[in-house]
$ cat protein-v9.cif   # mmCIF, N, CA and C atoms
data_target
#
loop_
_atom_site.group_PDB
_atom_site.id
_atom_site.type_symbol
_atom_site.label_atom_id
_atom_site.label_comp_id
_atom_site.auth_asym_id
_atom_site.auth_seq_id
_atom_site.Cartn_x
_atom_site.Cartn_y
_atom_site.Cartn_z
ATOM 1 N N MET A 1 0.852 -1.161 0.000
ATOM 2 C CA MET A 1 0.000 0.000 0.000
ATOM 3 C C MET A 1 0.903 1.232 0.000
ATOM 4 N N GLY A 2 0.569 2.182 -0.833
ATOM 5 C CA GLY A 2 1.362 3.401 -0.946
ATOM 6 C C GLY A 2 1.206 4.305 0.272
ATOM 7 N N GLY A 3 2.156 5.204 0.428
ATOM 8 C CA GLY A 3 2.146 6.110 1.578
ATOM 9 C C GLY A 3 0.929 7.014 1.613
ATOM 10 N N TRP A 4 0.507 7.519 0.449
ATOM 11 C CA TRP A 4 -0.669 8.394 0.413
ATOM 12 C C TRP A 4 -1.917 7.616 0.782
ATOM 13 N N ASP A 5 -1.979 6.350 0.396
ATOM 14 C CA ASP A 5 -3.132 5.510 0.714
ATOM 15 C C ASP A 5 -3.200 5.260 2.219
ATOM 16 N N ARG A 6 -2.061 4.997 2.823
ATOM 17 C CA ARG A 6 -2.019 4.769 4.274
ATOM 18 C C ARG A 6 -2.435 6.020 5.036
ATOM 19 N N ALA A 7 -1.963 7.180 4.579
ATOM 20 C CA ALA A 7 -2.304 8.437 5.243
ATOM 21 C C ALA A 7 -3.800 8.732 5.112
ATOM 22 N N ALA A 8 -4.352 8.492 3.934
ATOM 23 C CA ALA A 8 -5.780 8.729 3.726
ATOM 24 C C ALA A 8 -6.616 7.787 4.586
ATOM 25 N N ARG A 9 -6.189 6.546 4.698
ATOM 26 C CA ARG A 9 -6.913 5.592 5.542
ATOM 27 C C ARG A 9 -6.841 5.990 7.017
ATOM 28 N N ALA A 10 -5.688 6.442 7.463
ATOM 29 C CA ALA A 10 -5.556 6.858 8.855
ATOM 30 C C ALA A 10 -6.449 8.056 9.150
ATOM 31 N N ALA A 11 -6.485 9.015 8.240
ATOM 32 C CA ALA A 11 -7.344 10.191 8.426
ATOM 33 C C ALA A 11 -8.818 9.797 8.391
ATOM 34 N N GLY A 12 -9.173 8.914 7.489
ATOM 35 C CA GLY A 12 -10.553 8.441 7.413
ATOM 36 C C GLY A 12 -10.969 7.681 8.656
ATOM 37 N N ALA A 13 -10.073 6.849 9.167
ATOM 38 C CA ALA A 13 -10.371 6.092 10.379
ATOM 39 C C ALA A 13 -10.572 7.029 11.566
ATOM 40 N N LEU A 14 -9.749 8.054 11.647
ATOM 41 C CA LEU A 14 -9.897 9.026 12.731
ATOM 42 C C LEU A 14 -11.239 9.745 12.629
ATOM 43 N N ALA A 15 -11.608 10.147 11.428
ATOM 44 C CA ALA A 15 -12.888 10.834 11.223
ATOM 45 C C ALA A 15 -14.063 9.913 11.584
ATOM 46 N N MET A 16 -13.974 8.646 11.206
ATOM 47 C CA MET A 16 -15.053 7.704 11.531
ATOM 48 C C MET A 16 -15.168 7.480 13.029
ATOM 49 N N MET A 17 -14.028 7.422 13.727
ATOM 50 C CA MET A 17 -14.066 7.236 15.179
ATOM 51 C C MET A 17 -14.685 8.448 15.869
ATOM 52 N N VAL A 18 -14.361 9.630 15.394
ATOM 53 C CA VAL A 18 -14.960 10.842 15.962
ATOM 54 C C VAL A 18 -16.469 10.824 15.740
ATOM 55 N N CYS A 19 -16.888 10.471 14.533
ATOM 56 C CA CYS A 19 -18.331 10.396 14.246
ATOM 57 C C CYS A 19 -19.009 9.324 15.092
ATOM 58 N N ALA A 20 -18.352 8.193 15.277
ATOM 59 C CA ALA A 20 -18.933 7.118 16.083
ATOM 60 C C ALA A 20 -19.122 7.570 17.527
ATOM 61 N N GLY A 21 -18.246 8.435 17.987
ATOM 62 C CA GLY A 21 -18.345 8.900 19.365
ATOM 63 C C GLY A 21 -19.268 10.083 19.571
ATOM 64 N N LEU A 22 -19.393 10.944 18.560
ATOM 65 C CA LEU A 22 -20.115 12.199 18.748
ATOM 66 C C LEU A 22 -21.439 12.317 17.994
ATOM 67 N N ALA A 23 -21.610 11.588 16.919
ATOM 68 C CA ALA A 23 -22.817 11.743 16.097
ATOM 69 C C ALA A 23 -24.040 11.177 16.814
ATOM 70 N N PRO A 24 -25.184 11.843 16.667
ATOM 71 C CA PRO A 24 -26.411 11.343 17.298
ATOM 72 C C PRO A 24 -27.006 10.195 16.479
ATOM 73 N N MET A 25 -26.478 8.997 16.704
ATOM 74 C CA MET A 25 -26.930 7.793 16.002
ATOM 75 C C MET A 25 -27.303 6.735 17.017
ATOM 76 N N PRO A 26 -28.067 5.729 16.595
ATOM 77 C CA PRO A 26 -28.354 4.613 17.491
ATOM 78 C C PRO A 26 -27.057 3.869 17.853
ATOM 79 N N LEU A 27 -27.086 3.181 18.973
ATOM 80 C CA LEU A 27 -25.892 2.490 19.455
ATOM 81 C C LEU A 27 -25.361 1.488 18.438
ATOM 82 N N GLY A 28 -26.232 0.760 17.779
ATOM 83 C CA GLY A 28 -25.790 -0.227 16.790
ATOM 84 C C GLY A 28 -25.016 0.405 15.648
ATOM 85 N N ALA A 29 -25.474 1.556 15.191
ATOM 86 C CA ALA A 29 -24.779 2.259 14.119
ATOM 87 C C ALA A 29 -23.421 2.762 14.587
ATOM 88 N N ARG A 30 -23.352 3.218 15.821
ATOM 89 C CA ARG A 30 -22.067 3.680 16.374
ATOM 90 C C ARG A 30 -21.061 2.544 16.451
ATOM 91 N N VAL A 31 -21.526 1.403 16.927
ATOM 92 C CA VAL A 31 -20.635 0.239 17.047
ATOM 93 C C VAL A 31 -20.165 -0.212 15.660
ATOM 94 N N ALA A 32 -21.081 -0.266 14.696
ATOM 95 C CA ALA A 32 -20.712 -0.676 13.339
ATOM 96 C C ALA A 32 -19.679 0.284 12.746
ATOM 97 N N LEU A 33 -19.878 1.575 12.932
ATOM 98 C CA LEU A 33 -18.933 2.562 12.415
ATOM 99 C C LEU A 33 -17.579 2.438 13.101
ATOM 100 N N ALA A 34 -17.581 2.170 14.387
ATOM 101 C CA ALA A 34 -16.320 2.005 15.117
ATOM 102 C C ALA A 34 -15.572 0.757 14.649
ATOM 103 N N VAL A 35 -16.294 -0.318 14.359
ATOM 104 C CA VAL A 35 -15.648 -1.545 13.877
ATOM 105 C C VAL A 35 -15.003 -1.303 12.512
ATOM 106 N N VAL A 36 -15.719 -0.628 11.632
ATOM 107 C CA VAL A 36 -15.156 -0.302 10.311
ATOM 108 C C VAL A 36 -13.937 0.595 10.474
ATOM 109 N N ALA A 37 -14.018 1.564 11.375
ATOM 110 C CA ALA A 37 -12.888 2.467 11.610
ATOM 111 C C ALA A 37 -11.672 1.701 12.125
ATOM 112 N N LEU A 38 -11.887 0.737 12.986
ATOM 113 C CA LEU A 38 -10.766 -0.069 13.494
ATOM 114 C C LEU A 38 -10.129 -0.890 12.378
ATOM 115 N N TYR A 39 -10.952 -1.448 11.485
ATOM 116 C CA TYR A 39 -10.407 -2.204 10.351
ATOM 117 C C TYR A 39 -9.570 -1.291 9.455
ATOM 118 N N VAL A 40 -10.105 -0.121 9.140
ATOM 119 C CA VAL A 40 -9.396 0.816 8.263
ATOM 120 C C VAL A 40 -8.097 1.282 8.930
ATOM 121 N N ALA A 41 -8.143 1.556 10.223
ATOM 122 C CA ALA A 41 -6.929 1.959 10.940
ATOM 123 C C ALA A 41 -5.905 0.826 10.944
ATOM 124 N N GLY A 42 -6.380 -0.394 11.112
ATOM 125 C CA GLY A 42 -5.475 -1.552 11.094
ATOM 126 C C GLY A 42 -4.784 -1.716 9.751
ATOM 127 N N THR A 43 -5.534 -1.538 8.668
ATOM 128 C CA THR A 43 -4.905 -1.650 7.348
ATOM 129 C C THR A 43 -3.894 -0.529 7.132
ATOM 130 N N ALA A 44 -4.168 0.643 7.680
ATOM 131 C CA ALA A 44 -3.209 1.749 7.556
ATOM 132 C C ALA A 44 -1.934 1.452 8.339
ATOM 133 N N LEU A 45 -2.075 0.875 9.513
ATOM 134 C CA LEU A 45 -0.897 0.568 10.331
ATOM 135 C C LEU A 45 -0.075 -0.578 9.750
ATOM 136 N N VAL A 46 -0.754 -1.627 9.294
ATOM 137 C CA VAL A 46 -0.062 -2.804 8.780
ATOM 138 C C VAL A 46 0.492 -2.557 7.383
ATOM 139 N N GLY A 47 -0.233 -1.770 6.590
ATOM 140 C CA GLY A 47 0.243 -1.456 5.251
ATOM 141 C C GLY A 47 -0.237 -2.424 4.185
ATOM 142 N N THR A 48 -1.238 -3.210 4.503
ATOM 143 C CA THR A 48 -1.807 -4.124 3.519
ATOM 144 C C THR A 48 -3.313 -4.170 3.687
ATOM 145 N N CYS A 49 -4.010 -4.413 2.589
ATOM 146 C CA CYS A 49 -5.467 -4.425 2.611
ATOM 147 C C CYS A 49 -5.956 -5.732 1.997
ATOM 148 N N LEU A 50 -6.817 -6.426 2.690
ATOM 149 C CA LEU A 50 -7.352 -7.689 2.201
ATOM 150 C C LEU A 50 -8.108 -7.485 0.888
ATOM 151 N N GLY A 51 -8.882 -6.416 0.809
ATOM 152 C CA GLY A 51 -9.632 -6.139 -0.418
ATOM 153 C C GLY A 51 -8.724 -5.931 -1.618
ATOM 154 N N TYR A 52 -7.629 -5.205 -1.422
ATOM 155 C CA TYR A 52 -6.674 -4.990 -2.510
ATOM 156 C C TYR A 52 -6.060 -6.320 -2.948
ATOM 157 N N ARG A 53 -5.727 -7.160 -1.978
ATOM 158 C CA ARG A 53 -5.132 -8.462 -2.322
ATOM 159 C C ARG A 53 -6.105 -9.327 -3.109
ATOM 160 N N LEU A 54 -7.369 -9.324 -2.712
ATOM 161 C CA LEU A 54 -8.362 -10.128 -3.413
ATOM 162 C C LEU A 54 -8.574 -9.646 -4.838
ATOM 163 N N MET A 55 -8.450 -8.328 -5.068
ATOM 164 C CA MET A 55 -8.630 -7.767 -6.407
ATOM 165 C C MET A 55 -7.333 -7.746 -7.209
ATOM 166 N N GLY A 56 -6.203 -8.046 -6.564
ATOM 167 C CA GLY A 56 -4.922 -8.032 -7.259
ATOM 168 C C GLY A 56 -4.396 -6.636 -7.526
ATOM 169 N N LYS A 57 -4.807 -5.662 -6.716
ATOM 170 C CA LYS A 57 -4.380 -4.270 -6.905
ATOM 171 C C LYS A 57 -3.312 -3.903 -5.873
ATOM 172 N N SER A 58 -2.576 -2.837 -6.195
ATOM 173 C CA SER A 58 -1.568 -2.329 -5.273
ATOM 174 C C SER A 58 -1.377 -0.845 -5.538
ATOM 175 N N THR A 59 -1.233 -0.061 -4.465
ATOM 176 C CA THR A 59 -0.924 1.357 -4.604
ATOM 177 C C THR A 59 0.524 1.643 -4.219
ATOM 178 N N CYS A 60 1.279 0.591 -3.954
ATOM 179 C CA CYS A 60 2.677 0.748 -3.605
ATOM 180 C C CYS A 60 3.505 0.966 -4.866
ATOM 181 N N PRO A 61 4.363 1.989 -4.879
ATOM 182 C CA PRO A 61 5.162 2.264 -6.079
ATOM 183 C C PRO A 61 6.264 1.218 -6.302
ATOM 184 N N VAL A 62 6.617 0.438 -5.286
ATOM 185 C CA VAL A 62 7.656 -0.566 -5.397
ATOM 186 C C VAL A 62 7.023 -1.913 -5.707
ATOM 187 N N ARG A 63 7.519 -2.615 -6.678
ATOM 188 C CA ARG A 63 6.955 -3.922 -7.037
ATOM 189 C C ARG A 63 7.561 -5.010 -6.211
#
$ encode --input "protein-v9.cif" --output "structure tokens"
Amino acid sequence: MGGWDRAARAAGALAMMVCAGLAPMPLGARVALAVVALYVAGTALVGTCLGYRLMGKSTCPVR
């Protein structure tokens, strides 16, 4: 995964966590959003995405 992709995922995960904590939503929706945010944050930290692997895509400039 490329550096810009990791940075975008980290920023998106942070935004989702803030929304999960502050947005006036039902508890189930908050939990679902937090779980998705944790997955996205995990892919940003690890540097690999299961979805990208399944599709055979890569945003990393190095082969």
$ atom_distance --input "protein-v9.cif" --atom1 "CA of Leu54 in chain A" --atom2 "CA of Ala20 in chain A"
28.1 Å
$ resolve_selection --input "protein-v9.cif" --expression "the PyMOL selection byres ((chain A and resi 3-17) around 7)" --output "CSV table (one decimal) with N, CA and C atoms, in the coordinates of the input"
chain,number,residue,atom,x,y,z
A,1,MET,N,0.9,-1.2,0.0
A,1,MET,CA,0.0,0.0,0.0
A,1,MET,C,0.9,1.2,0.0
A,2,GLY,N,0.6,2.2,-0.8
A,2,GLY,CA,1.4,3.4,-0.9
A,2,GLY,C,1.2,4.3,0.3
A,18,VAL,N,-14.4,9.6,15.4
A,18,VAL,CA,-15.0,10.8,16.0
A,18,VAL,C,-16.5,10.8,15.7
A,19,CYS,N,-16.9,10.5,14.5
A,19,CYS,CA,-18.3,10.4,14.2
A,19,CYS,C,-19.0,9.3,15.1
A,20,ALA,N,-18.4,8.2,15.3
A,20,ALA,CA,-18.9,7.1,16.1
A,20,ALA,C,-19.1,7.6,17.5
A,21,GLY,N,-18.2,8.4,18.0
A,21,GLY,CA,-18.3,8.9,19.4
A,21,GLY,C,-19.3,10.1,19.6
A,22,LEU,N,-19.4,10.9,18.6
A,22,LEU,CA,-20.1,12.2,18.7
A,22,LEU,C,-21.4,12.3,18.0
A,33,LEU,N,-19.9,1.6,12.9
A,33,LEU,CA,-18.9,2.6,12.4
A,33,LEU,C,-17.6,2.4,13.1
A,34,ALA,N,-17.6,2.2,14.4
A,34,ALA,CA,-16.3,2.0,15.1
A,34,ALA,C,-15.6,0.8,14.6
A,36,VAL,N,-15.7,-0.6,11.6
A,36,VAL,CA,-15.2,-0.3,10.3
A,36,VAL,C,-13.9,0.6,10.5
A,37,ALA,N,-14.0,1.6,11.4
A,37,ALA,CA,-12.9,2.5,11.6
A,37,ALA,C,-11.7,1.7,12.1
A,38,LEU,N,-11.9,0.7,13.0
A,38,LEU,CA,-10.8,-0.1,13.5
A,38,LEU,C,-10.1,-0.9,12.4
A,40,VAL,N,-10.1,-0.1,9.1
A,40,VAL,CA,-9.4,0.8,8.3
A,40,VAL,C,-8.1,1.3,8.9
A,41,ALA,N,-8.1,1.6,10.2
A,41,ALA,CA,-6.9,2.0,10.9
A,41,ALA,C,-5.9,0.8,10.9
A,43,THR,N,-5.5,-1.5,8.7
A,43,THR,CA,-4.9,-1.6,7.3
A,43,THR,C,-3.9,-0.5,7.1
A,44,ALA,N,-4.2,0.6,7.7
A,44,ALA,CA,-3.2,1.7,7.6
A,44,ALA,C,-1.9,1.5,8.3
A,45,LEU,N,-2.1,0.9,9.5
A,45,LEU,CA,-0.9,0.6,10.3
A,45,LEU,C,-0.1,-0.6,9.8
A,47,GLY,N,-0.2,-1.8,6.6
A,47,GLY,CA,0.2,-1.5,5.3
A,47,GLY,C,-0.2,-2.4,4.2
A,59,THR,N,-1.2,-0.1,-4.5
A,59,THR,CA,-0.9,1.4,-4.6
A,59,THR,C,0.5,1.6,-4.2
A,60,CYS,N,1.3,0.6,-4.0
A,60,CYS,CA,2.7,0.7,-3.6
A,60,CYS,C,3.5,1.0,-4.9
A,61,PRO,N,4.4,2.0,-4.9
A,61,PRO,CA,5.2,2.3,-6.1
A,61,PRO,C,6.3,1.2,-6.3
$ axis_aligned_box --input "protein-v9.cif" --around "range 40-44 of chain A" --padding-each-side "8 Å" --output "JSON"
{"center_x": -6.0, "center_y": 0.1, "center_z": 9.1, "size_x": 24.2, "size_y": 19.7, "size_z": 20.0}
$ atom_distance --input "protein-v9.cif" --atom1 "CA of Val35 in chain A" --atom2 "atom N of Leu50 in chain A"
15.1 Å
$ atom_distance --input "protein-v9.cif" --atom1 "CA of Tyr39 in chain A" --atom2 "CA of Gly51 in chain A"
11.5 Å
